[in-house]
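my_file-v6.pdb (PDB, C-alpha atoms)
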```pdb
ATOM      1  CA  MET A   1       3.661   7.286   6.614
ATOM      2  CA  PRO A   2       0.926   9.115   8.597
ATOM      3  CA  LEU A   3       0.063   7.507  11.924
ATOM      4  CA  VAL A   4      -3.672   6.740  11.913
ATOM      5  CA  ILE A   5      -4.952   5.095  15.078
ATOM      6  CA  ALA A   6      -8.412   3.492  14.850
ATOM      7  CA  ILE A   7     -10.065   2.765  18.176
ATOM      8  CA  ASP A   8     -13.320   0.848  18.432
ATOM      9  CA  GLY A   9     -15.348  -0.558  21.278
ATOM     10  CA  PRO A  10     -18.703  -0.522  23.053
ATOM     11  CA  ALA A  11     -20.089   2.271  25.205
ATOM     12  CA  ALA A  12     -18.136   3.213  28.351
ATOM     13  CA  SER A  13     -15.260   0.860  27.557
ATOM     14  CA  GLY A  14     -12.764   3.682  27.978
ATOM     15  CA  LYS A  15     -11.998   4.138  24.287
ATOM     16  CA  GLY A  16     -12.730   7.858  24.304
ATOM     17  CA  THR A  17     -10.362   8.577  27.165
ATOM     18  CA  LEU A  18      -7.667   6.464  25.553
ATOM     19  CA  ALA A  19      -8.155   8.152  22.192
ATOM     20  CA  LYS A  20      -7.746  11.618  23.688
ATOM     21  CA  ARG A  21      -4.638  10.626  25.616
ATOM     22  CA  LEU A  22      -3.032   8.926  22.629
ATOM     23  CA  ALA A  23      -3.798  11.914  20.422
ATOM     24  CA  ALA A  24      -2.190  14.262  22.944
ATOM     25  CA  HIS A  25       0.831  11.977  23.361
ATOM     26  CA  TYR A  26       1.508  11.729  19.616
ATOM     27  CA  GLY A  27       0.414  15.271  18.780
ATOM     28  CA  LEU A  28      -2.398  14.141  16.483
ATOM     29  CA  PRO A  29      -5.904  15.495  15.868
ATOM     30  CA  HIS A  30      -8.645  13.467  17.552
ATOM     31  CA  LEU A  31     -12.215  12.781  16.486
ATOM     32  CA  ASP A  32     -14.836  11.205  18.720
ATOM     33  CA  THR A  33     -17.049   9.941  15.905
ATOM     34  CA  GLY A  34     -19.861   9.204  18.331
ATOM     35  CA  LEU A  35     -20.376  12.958  18.625
ATOM     36  CA  LEU A  36     -21.338  13.058  14.951
ATOM     37  CA  TYR A  37     -24.234  10.691  15.548
ATOM     38  CA  ARG A  38     -25.190  12.504  18.741
ATOM     39  CA  ALA A  39     -25.261  15.751  16.770
ATOM     40  CA  VAL A  40     -27.553  14.215  14.157
ATOM     41  CA  ALA A  41     -29.916  12.959  16.863
ATOM     42  CA  PHE A  42     -29.793  16.329  18.611
ATOM     43  CA  ALA A  43     -30.693  18.138  15.378
ATOM     44  CA  LEU A  44     -33.742  15.917  14.941
ATOM     45  CA  LEU A  45     -34.959  16.343  18.503
ATOM     46  CA  GLU A  46     -34.373  20.107  18.496
ATOM     47  CA  THR A  47     -36.617  20.472  15.445
ATOM     48  CA  GLY A  48     -39.299  18.143  16.768
ATOM     49  CA  GLN A  49     -38.611  15.353  14.305
ATOM     50  CA  SER A  50     -38.750  11.652  15.073
ATOM     51  CA  LEU A  51     -35.568   9.637  15.540
ATOM     52  CA  ASP A  52     -37.259   7.009  13.376
ATOM     53  CA  ASP A  53     -37.650   9.393  10.433
ATOM     54  CA  THR A  54     -34.832   8.022   8.276
ATOM     55  CA  LYS A  55     -35.133  10.722   5.601
ATOM     56  CA  ALA A  56     -34.908  13.502   8.168
ATOM     57  CA  ALA A  57     -31.975  11.768   9.854
ATOM     58  CA  ALA A  58     -30.148  11.492   6.516
ATOM     59  CA  ARG A  59     -30.745  15.199   5.806
ATOM     60  CA  ALA A  60     -29.424  16.116   9.249
ATOM     61  CA  ALA A  61     -26.288  14.049   8.626
ATOM     62  CA  GLU A  62     -25.732  15.573   5.180
ATOM     63  CA  THR A  63     -25.947  19.116   6.565
ATOM     64  CA  LEU A  64     -24.084  18.516   9.819
ATOM     65  CA  ASP A  65     -22.274  21.606  11.125
ATOM     66  CA  ALA A  66     -19.052  20.547  12.833
ATOM     67  CA  SER A  67     -19.044  23.688  14.976
ATOM     68  CA  GLY A  68     -21.863  22.199  17.025
ATOM     69  CA  LEU A  69     -19.828  19.196  18.182
ATOM     70  CA  THR A  70     -18.652  21.096  21.257
ATOM     71  CA  ASP A  71     -22.189  21.545  22.614
ATOM     72  CA  PRO A  72     -22.143  19.972  26.111
ATOM     73  CA  ARG A  73     -25.715  18.769  25.647
ATOM     74  CA  LEU A  74     -24.402  16.136  23.242
ATOM     75  CA  ARG A  75     -22.839  14.369  26.237
ATOM     76  CA  ASP A  76     -26.162  13.815  27.997
ATOM     77  CA  ARG A  77     -27.152  10.227  28.690
ATOM     78  CA  ALA A  78     -30.347  10.537  26.639
ATOM     79  CA  MET A  79     -28.385  11.749  23.634
ATOM     80  CA  GLY A  80     -26.249   8.614  23.735
ATOM     81  CA  GLU A  81     -29.364   6.492  23.451
ATOM     82  CA  ALA A  82     -30.710   8.670  20.646
ATOM     83  CA  ALA A  83     -27.400   8.474  18.770
ATOM     84  CA  SER A  84     -27.466   4.689  18.965
ATOM     85  CA  ARG A  85     -30.820   4.728  17.183
ATOM     86  CA  VAL A  86     -29.897   7.076  14.326
ATOM     87  CA  SER A  87     -26.532   5.360  13.856
ATOM     88  CA  ALA A  88     -28.397   2.272  12.669
ATOM     89  CA  VAL A  89     -29.707   4.192   9.638
ATOM     90  CA  PRO A  90     -27.544   3.262   6.601
ATOM     91  CA  GLU A  91     -28.106   6.661   4.952
ATOM     92  CA  VAL A  92     -26.816   8.428   8.057
ATOM     93  CA  ARG A  93     -23.685   6.310   8.194
ATOM     94  CA  SER A  94     -23.081   6.848   4.483
ATOM     95  CA  ALA A  95     -23.423  10.621   4.815
ATOM     96  CA  LEU A  96     -20.950  10.757   7.698
ATOM     97  CA  LEU A  97     -18.430   8.313   6.224
ATOM     98  CA  ALA A  98     -16.802  10.823   3.866
ATOM     99  CA  TRP A  99     -16.658  13.391   6.694
ATOM    100  CA  GLN A 100     -14.755  10.965   8.912
ATOM    101  CA  ARG A 101     -12.404   9.867   6.139
ATOM    102  CA  ARG A 102     -11.494  13.470   5.372
ATOM    103  CA  PHE A 103     -10.564  13.926   8.994
ATOM    104  CA  ALA A 104      -8.447  10.762   8.952
ATOM    105  CA  ALA A 105      -6.623  11.979   5.841
ATOM    106  CA  ASP A 106      -4.738  14.673   7.774
ATOM    107  CA  PRO A 107      -1.115  14.559   6.501
ATOM    108  CA  ALA A 108       0.165  14.217  10.053
ATOM    109  CA  GLY A 109      -2.184  11.361  10.889
ATOM    110  CA  ALA A 110      -5.143  11.180  13.261
ATOM    111  CA  VAL A 111      -6.823   9.303  16.093
ATOM    112  CA  LEU A 112     -10.468   8.330  15.636
ATOM    113  CA  ASP A 113     -12.657   6.406  18.037
ATOM    114  CA  GLY A 114     -16.056   4.881  17.453
ATOM    115  CA  ARG A 115     -17.591   1.554  16.549
ATOM    116  CA  ASP A 116     -16.640   0.994  12.913
ATOM    117  CA  ILE A 117     -13.352   2.871  12.538
ATOM    118  CA  GLY A 118     -11.099  -0.128  11.971
ATOM    119  CA  THR A 119     -13.642  -2.049   9.924
ATOM    120  CA  VAL A 120     -15.230   0.635   7.717
ATOM    121  CA  VAL A 121     -13.919   4.176   8.167
ATOM    122  CA  CYS A 122     -10.174   3.468   8.221
ATOM    123  CA  PRO A 123      -9.636  -0.174   7.208
ATOM    124  CA  ALA A 124      -6.001   0.620   6.340
ATOM    125  CA  ALA A 125      -5.223   2.367   9.640
ATOM    126  CA  SER A 126      -1.674   2.011  10.947
ATOM    127  CA  VAL A 127      -2.915   0.777  14.323
ATOM    128  CA  LYS A 128      -6.260  -0.725  15.287
ATOM    129  CA  LEU A 129      -7.381  -1.143  18.876
ATOM    130  CA  PHE A 130     -10.571  -2.748  20.129
ATOM    131  CA  ILE A 131     -11.264  -1.573  23.667
ATOM    132  CA  THR A 132     -13.645  -3.571  25.802
ATOM    133  CA  ALA A 133     -14.673  -4.185  29.414
ATOM    134  CA  SER A 134     -17.381  -6.121  31.195
ATOM    135  CA  SER A 135     -20.862  -4.610  30.948
ATOM    136  CA  GLU A 136     -20.988  -4.333  34.756
ATOM    137  CA  GLU A 137     -17.744  -2.352  34.887
ATOM    138  CA  ARG A 138     -18.858  -0.127  32.030
ATOM    139  CA  ALA A 139     -22.125   0.578  33.842
ATOM    140  CA  ARG A 140     -20.214   1.461  37.011
ATOM    141  CA  ARG A 141     -17.999   3.900  35.100
ATOM    142  CA  ARG A 142     -20.925   5.561  33.375
ATOM    143  CA  HIS A 143     -22.802   5.844  36.675
ATOM    144  CA  LYS A 144     -19.798   7.569  38.247
ATOM    145  CA  GLU A 145     -19.485   9.903  35.262
ATOM    146  CA  LEU A 146     -23.155  10.874  35.334
ATOM    147  CA  ALA A 147     -23.112  11.377  39.106
ATOM    148  CA  GLY A 148     -20.147  13.703  38.677
ATOM    149  CA  ARG A 149     -22.220  15.789  36.269
ATOM    150  CA  GLY A 150     -25.172  15.818  38.623
ATOM    151  CA  GLU A 151     -27.349  13.545  36.481
ATOM    152  CA  ALA A 152     -29.608  11.198  38.417
ATOM    153  CA  ALA A 153     -29.498   7.577  37.252
ATOM    154  CA  THR A 154     -29.512   4.146  38.848
ATOM    155  CA  LEU A 155     -26.749   1.641  38.270
ATOM    156  CA  GLU A 156     -29.325  -0.933  37.236
ATOM    157  CA  GLY A 157     -30.879   1.410  34.694
ATOM    158  CA  ILE A 158     -27.517   2.283  33.197
ATOM    159  CA  LEU A 159     -26.589  -1.391  32.911
ATOM    160  CA  ALA A 160     -29.844  -2.067  31.066
ATOM    161  CA  ASP A 161     -29.157   0.858  28.717
ATOM    162  CA  ILE A 162     -25.631  -0.360  27.991
ATOM    163  CA  GLU A 163     -26.758  -3.890  27.249
ATOM    164  CA  ALA A 164     -29.498  -2.569  24.943
ATOM    165  CA  ARG A 165     -26.977  -0.336  23.122
ATOM    166  CA  ASP A 166     -24.553  -3.243  22.778
ATOM    167  CA  ALA A 167     -27.277  -5.303  21.133
ATOM    168  CA  ARG A 168     -28.323  -2.501  18.753
ATOM    169  CA  ASP A 169     -24.750  -1.674  17.792
ATOM    170  CA  SER A 170     -23.732  -5.302  17.227
ATOM    171  CA  LEU A 171     -26.843  -6.446  15.397
ATOM    172  CA  ARG A 172     -27.512  -3.487  13.091
ATOM    173  CA  SER A 173     -27.168  -4.171   9.378
ATOM    174  CA  ALA A 174     -25.075  -1.072   8.642
ATOM    175  CA  ALA A 175     -21.473  -1.247   9.918
ATOM    176  CA  PRO A 176     -22.143  -3.272  13.069
ATOM    177  CA  LEU A 177     -19.809  -3.076  16.027
ATOM    178  CA  ARG A 178     -17.201  -5.780  15.664
ATOM    179  CA  MET A 179     -13.484  -6.169  16.119
ATOM    180  CA  ALA A 180     -11.439  -5.866  12.913
ATOM    181  CA  ASP A 181      -9.486  -8.997  12.055
ATOM    182  CA  ASP A 182      -6.175  -7.152  12.447
ATOM    183  CA  ALA A 183      -7.095  -5.187  15.581
ATOM    184  CA  VAL A 184      -5.596  -5.750  19.019
ATOM    185  CA  ARG A 185      -8.097  -6.332  21.823
ATOM    186  CA  LEU A 186      -7.511  -4.465  25.075
ATOM    187  CA  ASP A 187      -9.754  -5.392  28.009
ATOM    188  CA  THR A 188      -9.817  -2.511  30.497
ATOM    189  CA  THR A 189     -12.085  -4.138  33.090
ATOM    190  CA  GLU A 190      -9.291  -4.378  35.646
ATOM    191  CA  LEU A 191      -7.297  -1.342  34.454
ATOM    192  CA  ASP A 192      -7.442   2.259  35.605
ATOM    193  CA  ALA A 193      -7.017   5.063  33.064
ATOM    194  CA  ALA A 194      -3.232   5.278  33.500
ATOM    195  CA  ALA A 195      -2.674   1.531  33.148
ATOM    196  CA  ALA A 196      -4.957   1.342  30.122
ATOM    197  CA  PHE A 197      -3.023   4.169  28.480
ATOM    198  CA  ASP A 198       0.297   2.430  29.114
ATOM    199  CA  GLU A 199      -1.034  -0.773  27.540
ATOM    200  CA  ALA A 200      -2.479   1.079  24.542
ATOM    201  CA  ARG A 201       0.694   3.075  23.977
ATOM    202  CA  ALA A 202       2.743  -0.122  24.036
ATOM    203  CA  ILE A 203       0.463  -1.611  21.374
ATOM    204  CA  VAL A 204       0.874   1.495  19.216
ATOM    205  CA  GLU A 205       4.651   1.442  19.598
ATOM    206  CA  ARG A 206       4.837  -2.220  18.602
ATOM    207  CA  ALA A 207       2.735  -1.483  15.527
ATOM    208  CA  ARG A 208       4.883   1.508  14.577
ATOM    209  CA  THR A 209       7.989  -0.676  14.771
ATOM    210  CA  THR A 210       6.358  -3.236  12.500
ATOM    211  CA  ILE A 211       5.258  -0.742   9.872
ATOM    212  CA  GLY A 212       8.561   1.092   9.986
TER
END
```

Structure re-expressed in C-alpha coordinates:
Amino acid sequence: MPLVIAIDGPAASGKGTLAKRLAAHYGLPHLDTGLLYRAVAFALLETGQSLDDTKAAARAAETLDASGLTDPRLRDRAMGEAASRVSAVPEVRSALLAWQRRFAADPAGAVLDGRDIGTVVCPAASVKLFITASSEERARRRHKELAGRGEAATLEGILADIEARDARDSLRSAAPLRMADDAVRLDTTELDAAAAFDEARAIVERARTTIG
(Lines of atoms letter the chains of each structure in order from A and count residues from 1; the text may use other names and numbers.)
(Lines give C-alpha, C1' and ligand atoms only; values in the text may rest on other atoms or scores of the structure.)
Protein backbone atom coordinates (compact mmCIF):
# COMPACT_ATOMS: atom_id res chain seq x y z
CA MET A 1 0.00 0.00 0.00
CA PRO A 2 1.53 3.38 -1.01
CA LEU A 3 2.53 5.58 1.92
CA VAL A 4 0.69 8.90 1.56
CA ILE A 5 1.41 11.40 4.32
CA ALA A 6 -0.99 14.36 4.57
CA ILE A 7 0.27 17.29 6.60
CA ASP A 8 -1.92 20.27 7.42
CA GLY A 9 -1.54 23.30 9.62
CA PRO A 10 -1.50 27.10 9.74
CA ALA A 11 1.23 29.37 8.42
CA ALA A 12 4.71 29.03 9.96
CA SER A 13 3.74 26.04 12.08
CA GLY A 14 6.68 24.06 10.75
CA LYS A 15 4.68 21.76 8.49
CA GLY A 16 6.73 22.53 5.40
CA THR A 17 10.03 21.69 7.06
CA LEU A 18 8.57 18.50 8.49
CA ALA A 19 7.10 17.50 5.14
CA LYS A 20 10.44 17.89 3.38
CA ARG A 21 12.29 15.92 6.04
CA LEU A 22 9.74 13.12 6.09
CA ALA A 23 9.78 12.91 2.30
CA ALA A 24 13.57 12.65 2.30
CA HIS A 25 13.54 10.06 5.09
CA TYR A 26 11.02 7.79 3.34
CA GLY A 27 12.24 8.50 -0.19
CA LEU A 28 8.93 9.98 -1.32
CA PRO A 29 8.07 12.89 -3.62
CA HIS A 30 6.99 16.04 -1.78
CA LEU A 31 4.54 18.75 -2.75
CA ASP A 32 4.16 22.04 -0.92
CA THR A 33 0.62 22.75 -2.09
CA GLY A 34 0.83 26.32 -0.85
CA LEU A 35 3.18 27.02 -3.76
CA LEU A 36 0.34 26.26 -6.17
CA TYR A 37 -1.76 29.06 -4.71
CA ARG A 38 1.24 31.37 -4.56
CA ALA A 39 1.86 30.66 -8.24
CA VAL A 40 -1.74 31.52 -9.10
CA ALA A 41 -1.50 34.80 -7.19
CA PHE A 42 1.86 35.55 -8.81
CA ALA A 43 0.40 34.98 -12.29
CA LEU A 44 -2.38 37.46 -11.57
CA LEU A 45 -0.08 40.14 -10.19
CA GLU A 46 2.47 39.71 -13.00
CA THR A 47 -0.24 40.39 -15.58
CA GLY A 48 -1.74 43.31 -13.69
CA GLN A 49 -4.93 41.53 -12.73
CA SER A 50 -6.75 41.89 -9.43
CA LEU A 51 -6.52 39.19 -6.77
CA ASP A 52 -10.27 39.68 -6.37
CA ASP A 53 -10.98 38.79 -10.01
CA THR A 54 -12.31 35.28 -9.44
CA LYS A 55 -12.61 34.44 -13.15
CA ALA A 56 -9.01 35.45 -13.81
CA ALA A 57 -7.86 33.51 -10.75
CA ALA A 58 -9.69 30.39 -11.96
CA ARG A 59 -8.10 30.72 -15.42
CA ALA A 60 -4.65 31.08 -13.85
CA ALA A 61 -5.24 27.94 -11.79
CA GLU A 62 -6.49 25.96 -14.79
CA THR A 63 -3.40 26.86 -16.84
CA LEU A 64 -0.84 26.61 -14.05
CA ASP A 65 2.64 25.65 -15.27
CA ALA A 66 4.34 23.48 -12.65
CA SER A 67 7.78 24.51 -13.90
CA GLY A 68 7.27 27.90 -12.29
CA LEU A 69 6.94 26.50 -8.76
CA THR A 70 10.69 26.86 -8.21
CA ASP A 71 10.63 30.64 -8.69
CA PRO A 72 12.10 32.10 -5.46
CA ARG A 73 9.74 35.07 -5.69
CA LEU A 74 6.91 32.76 -4.66
CA ARG A 75 8.46 32.63 -1.18
CA ASP A 76 8.14 36.37 -0.59
CA ARG A 77 6.04 37.46 2.36
CA ALA A 78 3.65 39.43 0.14
CA MET A 79 3.02 36.38 -2.01
CA GLY A 80 1.92 34.42 1.05
CA GLU A 81 -0.73 37.03 1.75
CA ALA A 82 -1.81 37.06 -1.89
CA ALA A 83 -2.04 33.26 -1.95
CA SER A 84 -4.28 33.30 1.11
CA ARG A 85 -6.71 35.52 -0.79
CA VAL A 86 -6.90 33.49 -4.01
CA SER A 87 -7.08 30.22 -2.08
CA ALA A 88 -10.50 31.28 -0.80
CA VAL A 89 -11.89 31.17 -4.36
CA PRO A 90 -13.79 27.87 -4.80
CA GLU A 91 -13.04 27.74 -8.54
CA VAL A 92 -9.31 28.00 -7.84
CA ARG A 93 -9.40 25.19 -5.30
CA SER A 94 -11.43 23.03 -7.67
CA ALA A 95 -8.98 23.59 -10.53
CA LEU A 96 -5.99 22.65 -8.37
CA LEU A 97 -7.63 19.67 -6.65
CA ALA A 98 -7.12 17.24 -9.54
CA TRP A 99 -3.51 18.43 -9.91
CA GLN A 100 -2.78 17.63 -6.27
CA ARG A 101 -4.54 14.27 -6.38
CA ARG A 102 -2.51 13.21 -9.41
CA PHE A 103 0.63 13.99 -7.48
CA ALA A 104 -0.60 11.99 -4.48
CA ALA A 105 -1.35 9.01 -6.73
CA ASP A 106 2.35 8.25 -7.27
CA PRO A 107 2.71 4.44 -6.98
CA ALA A 108 5.43 4.85 -4.37
CA GLY A 109 3.39 7.24 -2.26
CA ALA A 110 3.86 10.94 -1.53
CA VAL A 111 4.05 13.64 1.12
CA LEU A 112 1.81 16.68 0.70
CA ASP A 113 1.50 19.65 3.01
CA GLY A 114 -1.08 22.40 3.01
CA ARG A 115 -4.33 23.29 4.71
CA ASP A 116 -6.87 20.81 3.33
CA ILE A 117 -4.77 17.75 2.48
CA GLY A 118 -6.21 15.40 5.09
CA THR A 119 -9.75 16.72 4.78
CA VAL A 120 -10.19 17.24 1.03
CA VAL A 121 -7.21 16.37 -1.16
CA CYS A 122 -6.26 13.01 0.38
CA PRO A 123 -9.03 11.98 2.80
CA ALA A 124 -7.82 8.36 2.61
CA ALA A 125 -4.16 9.17 3.31
CA SER A 126 -2.19 6.55 5.23
CA VAL A 127 -1.06 9.12 7.79
CA LYS A 128 -2.53 12.50 8.67
CA LEU A 129 -0.70 15.08 10.74
CA PHE A 130 -1.97 18.45 11.90
CA ILE A 131 0.97 20.67 12.80
CA THR A 132 0.35 23.69 14.97
CA ALA A 133 2.11 26.19 17.24
CA SER A 134 1.17 29.35 19.08
CA SER A 135 0.67 32.41 16.87
CA GLU A 136 3.45 34.21 18.78
CA GLU A 137 5.94 31.41 18.12
CA ARG A 138 4.93 31.21 14.48
CA ALA A 139 5.45 34.96 14.12
CA ARG A 140 8.89 34.67 15.71
CA ARG A 141 9.88 31.91 13.28
CA ARG A 142 8.65 33.82 10.26
CA HIS A 143 10.44 36.96 11.43
CA LYS A 144 13.70 35.01 11.73
CA GLU A 145 13.18 33.48 8.29
CA LEU A 146 12.51 36.83 6.63
CA ALA A 147 15.46 38.47 8.39
CA GLY A 148 17.67 35.69 7.08
CA ARG A 149 16.55 36.54 3.55
CA GLY A 150 17.13 40.23 4.11
CA GLU A 151 13.44 41.17 4.12
CA ALA A 152 12.52 43.99 6.48
CA ALA A 153 9.50 43.27 8.69
CA THR A 154 8.48 43.89 12.28
CA LEU A 155 7.52 41.09 14.62
CA GLU A 156 4.27 42.87 15.39
CA GLY A 157 3.39 43.21 11.72
CA ILE A 158 4.11 39.56 11.05
CA LEU A 159 1.97 38.50 14.00
CA ALA A 160 -0.91 40.58 12.65
CA ASP A 161 -0.48 39.01 9.21
CA ILE A 162 -0.47 35.49 10.65
CA GLU A 163 -3.59 36.08 12.70
CA ALA A 164 -5.36 37.56 9.67
CA ARG A 165 -4.33 34.55 7.53
CA ASP A 166 -5.50 32.15 10.23
CA ALA A 167 -8.90 33.81 10.21
CA ARG A 168 -9.20 33.77 6.40
CA ASP A 169 -8.06 30.16 6.12
CA SER A 170 -10.34 28.90 8.90
CA LEU A 171 -13.45 30.85 7.97
CA ARG A 172 -13.46 30.52 4.17
CA SER A 173 -16.34 28.55 2.69
CA ALA A 174 -14.17 26.43 0.38
CA ALA A 175 -12.09 23.76 2.16
CA PRO A 176 -11.40 25.70 5.36
CA LEU A 177 -8.37 24.92 7.48
CA ARG A 178 -9.36 22.34 10.05
CA MET A 179 -7.94 19.20 11.56
CA ALA A 180 -9.24 15.96 10.03
CA ASP A 181 -11.08 13.74 12.49
CA ASP A 182 -8.46 10.99 12.11
CA ALA A 183 -5.39 13.26 12.12
CA VAL A 184 -2.81 13.42 14.89
CA ARG A 185 -2.13 16.88 16.30
CA LEU A 186 1.51 17.84 16.82
CA ASP A 187 2.16 21.12 18.64
CA THR A 188 5.66 22.36 17.78
CA THR A 189 5.63 25.49 19.95
CA GLU A 190 8.27 24.11 22.29
CA LEU A 191 10.05 21.88 19.75
CA ASP A 192 13.03 22.62 17.54
CA ALA A 193 13.16 21.19 14.01
CA ALA A 194 14.96 18.00 15.05
CA ALA A 195 12.60 17.24 17.93
CA ALA A 196 9.55 17.94 15.78
CA PHE A 197 10.86 15.56 13.13
CA ASP A 198 11.42 12.82 15.70
CA GLU A 199 7.86 13.22 16.98
CA ALA A 200 6.40 13.25 13.46
CA ARG A 201 8.39 10.21 12.38
CA ALA A 202 7.19 8.31 15.44
CA ILE A 203 3.59 9.14 14.52
CA VAL A 204 4.16 7.90 10.97
CA GLU A 205 5.76 4.68 12.19
CA ARG A 206 2.86 3.97 14.54
CA ALA A 207 0.42 4.52 11.69
CA ARG A 208 2.40 2.26 9.35
CA THR A 209 2.30 -0.50 11.96
CA THR A 210 -1.46 -0.11 12.27
CA ILE A 211 -2.14 -0.22 8.54
CA GLY A 212 0.27 -3.08 8.01

message: Using all atoms listed in the file, which protein or nucleic acid residues come within 10 Å of Arg141 of chain A? Drop anything in the same chain fewer than 3 positions from it, and give the result as a list in words.
response: Ala12, Ser13, Gly14, Ser135, Glu136, Glu137, Arg138, Lys144, Glu145, Leu146, Ala147, Leu155 and Ile158 of chain A

Writer output for current selection, C-alpha atoms, as a JSON list (two decimals), in the frame of the given file:
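Done, and the output landed in selection_11.json:
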```
[["chain", "number", "residue", "atom", "x", "y", "z"],
["A", 12, "ALA", "CA", -18.14, 3.21, 28.35],
["A", 13, "SER", "CA", -15.26, 0.86, 27.56],
["A", 14, "GLY", "CA", -12.76, 3.68, 27.98],
["A", 135, "SER", "CA", -20.86, -4.61, 30.95],
["A", 136, "GLU", "CA", -20.99, -4.33, 34.76],
["A", 137, "GLU", "CA", -17.74, -2.35, 34.89],
["A", 138, "ARG", "CA", -18.86, -0.13, 32.03],
["A", 144, "LYS", "CA", -19.80, 7.57, 38.25],
["A", 145, "GLU", "CA", -19.48, 9.90, 35.26],
["A", 146, "LEU", "CA", -23.16, 10.87, 35.33],
["A", 147, "ALA", "CA", -23.11, 11.38, 39.11],
["A", 155, "LEU", "CA", -26.75, 1.64, 38.27],
["A", 158, "ILE", "CA", -27.52, 2.28, 33.20]]
```

Would you mind listing, for every residue of segment 162-184 of chain A within 10 Å of segment 110-116 of chain A, the two atoms forming the shortest contact and the distance between them in Å to one decimal, using all atoms listed in the file, sorted by chain and ascending residue number, as a tab-separated table?
```
residue	atom	partner	partner_atom	distance
A:Asp169	CA	A:Arg115	CA	8.0
A:Ser170	CA	A:Arg115	CA	9.2
A:Ala174	CA	A:Asp116	CA	9.7
A:Ala175	CA	A:Asp116	CA	6.1
A:Pro176	CA	A:Asp116	CA	7.0
A:Leu177	CA	A:Arg115	CA	5.2
A:Arg178	CA	A:Asp116	CA	7.3
A:Met179	CA	A:Asp116	CA	8.5
A:Ala180	CA	A:Asp116	CA	8.6
```

Using the selection just defined, write its residues with C-alpha atoms as a PDB file, keeping the file's coordinate frame.
```pdb
ATOM      1  CA  ASP A 169     -24.750  -1.674  17.792  1.00  0.00           C
ATOM      2  CA  SER A 170     -23.732  -5.302  17.227  1.00  0.00           C
ATOM      3  CA  ALA A 174     -25.075  -1.072   8.642  1.00  0.00           C
ATOM      4  CA  ALA A 175     -21.473  -1.247   9.918  1.00  0.00           C
ATOM      5  CA  PRO A 176     -22.143  -3.272  13.069  1.00  0.00           C
ATOM      6  CA  LEU A 177     -19.809  -3.076  16.027  1.00  0.00           C
ATOM      7  CA  ARG A 178     -17.201  -5.780  15.664  1.00  0.00           C
ATOM      8  CA  MET A 179     -13.484  -6.169  16.119  1.00  0.00           C
ATOM      9  CA  ALA A 180     -11.439  -5.866  12.913  1.00  0.00           C
TER      10      ALA A 180
END
```

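Our summary of the geometry notes that atom CA of Lys15 of chain A is positioned 5.8 Å from atom CA of Ile131 of chain A.
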
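This file gives the following result for the PyMOL selection byres ((chain A and resi 72) around 12): A:Leu35, A:Arg38, A:Ala39, A:Phe42, A:Gly68, A:Leu69, A:Thr70, A:Asp71, A:Arg73, A:Leu74, A:Arg75, A:Asp76, A:Arg77, A:Met79, A:Arg149.
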
message: Counting only C-alpha atoms, which residues have an atom no more than 9 Å from (-2.8, 4.1, 27.9) in the file's coordinates? Please list them as an MDAnalysis selection string.
response: chainID A and resid 17:19 21:22 193:202

Run the PyMOL selection byres ((chain A and resi 186) around 7) on the file and write out the hits as an mmCIF file with C-alpha atoms, keeping the file's coordinate frame.
```
data_model
loop_
_atom_site.group_PDB
_atom_site.id
_atom_site.type_symbol
_atom_site.label_atom_id
_atom_site.label_comp_id
_atom_site.auth_asym_id
_atom_site.auth_seq_id
_atom_site.Cartn_x
_atom_site.Cartn_y
_atom_site.Cartn_z
ATOM 1 C CA PHE A 130 -10.571 -2.748 20.129
ATOM 2 C CA ILE A 131 -11.264 -1.573 23.667
ATOM 3 C CA THR A 132 -13.645 -3.571 25.802
ATOM 4 C CA VAL A 184 -5.596 -5.750 19.019
ATOM 5 C CA ARG A 185 -8.097 -6.332 21.823
ATOM 6 C CA ASP A 187 -9.754 -5.392 28.009
ATOM 7 C CA THR A 188 -9.817 -2.511 30.497
#
```

Residues at most 9 Å from Leu28 of chain A, counting all atoms listed in the file, excluding those fewer than 3 positions away in the same chain, as a short mmCIF file (atom, residue, chain, number, x, y, z; two decimals) with C-alpha atoms, in the frame of the given file?
```cif
data_model
loop_
_atom_site.label_atom_id
_atom_site.label_comp_id
_atom_site.auth_asym_id
_atom_site.auth_seq_id
_atom_site.Cartn_x
_atom_site.Cartn_y
_atom_site.Cartn_z
CA LEU A 3 0.06 7.51 11.92
CA VAL A 4 -3.67 6.74 11.91
CA LEU A 22 -3.03 8.93 22.63
CA ALA A 23 -3.80 11.91 20.42
CA ALA A 24 -2.19 14.26 22.94
CA HIS A 25 0.83 11.98 23.36
CA ALA A 108 0.16 14.22 10.05
CA GLY A 109 -2.18 11.36 10.89
CA ALA A 110 -5.14 11.18 13.26
CA VAL A 111 -6.82 9.30 16.09
#
```

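With all atoms listed in the file taken into account, every residue lying no more than 8 Å from the file point (-3.0, 1.2, 12.1) is included here: A:Leu3, A:Val4, A:Ile5, A:Ala6, A:Ala124, A:Ala125, A:Ser126, A:Val127, A:Lys128, A:Ala207.
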
task: Run the PyMOL selection byres ((chain A and resi 54-60) around 12) on the file and write out the hits as a ChimeraX atom specification.
output: /A:36-53,61-66,82-83,85-96
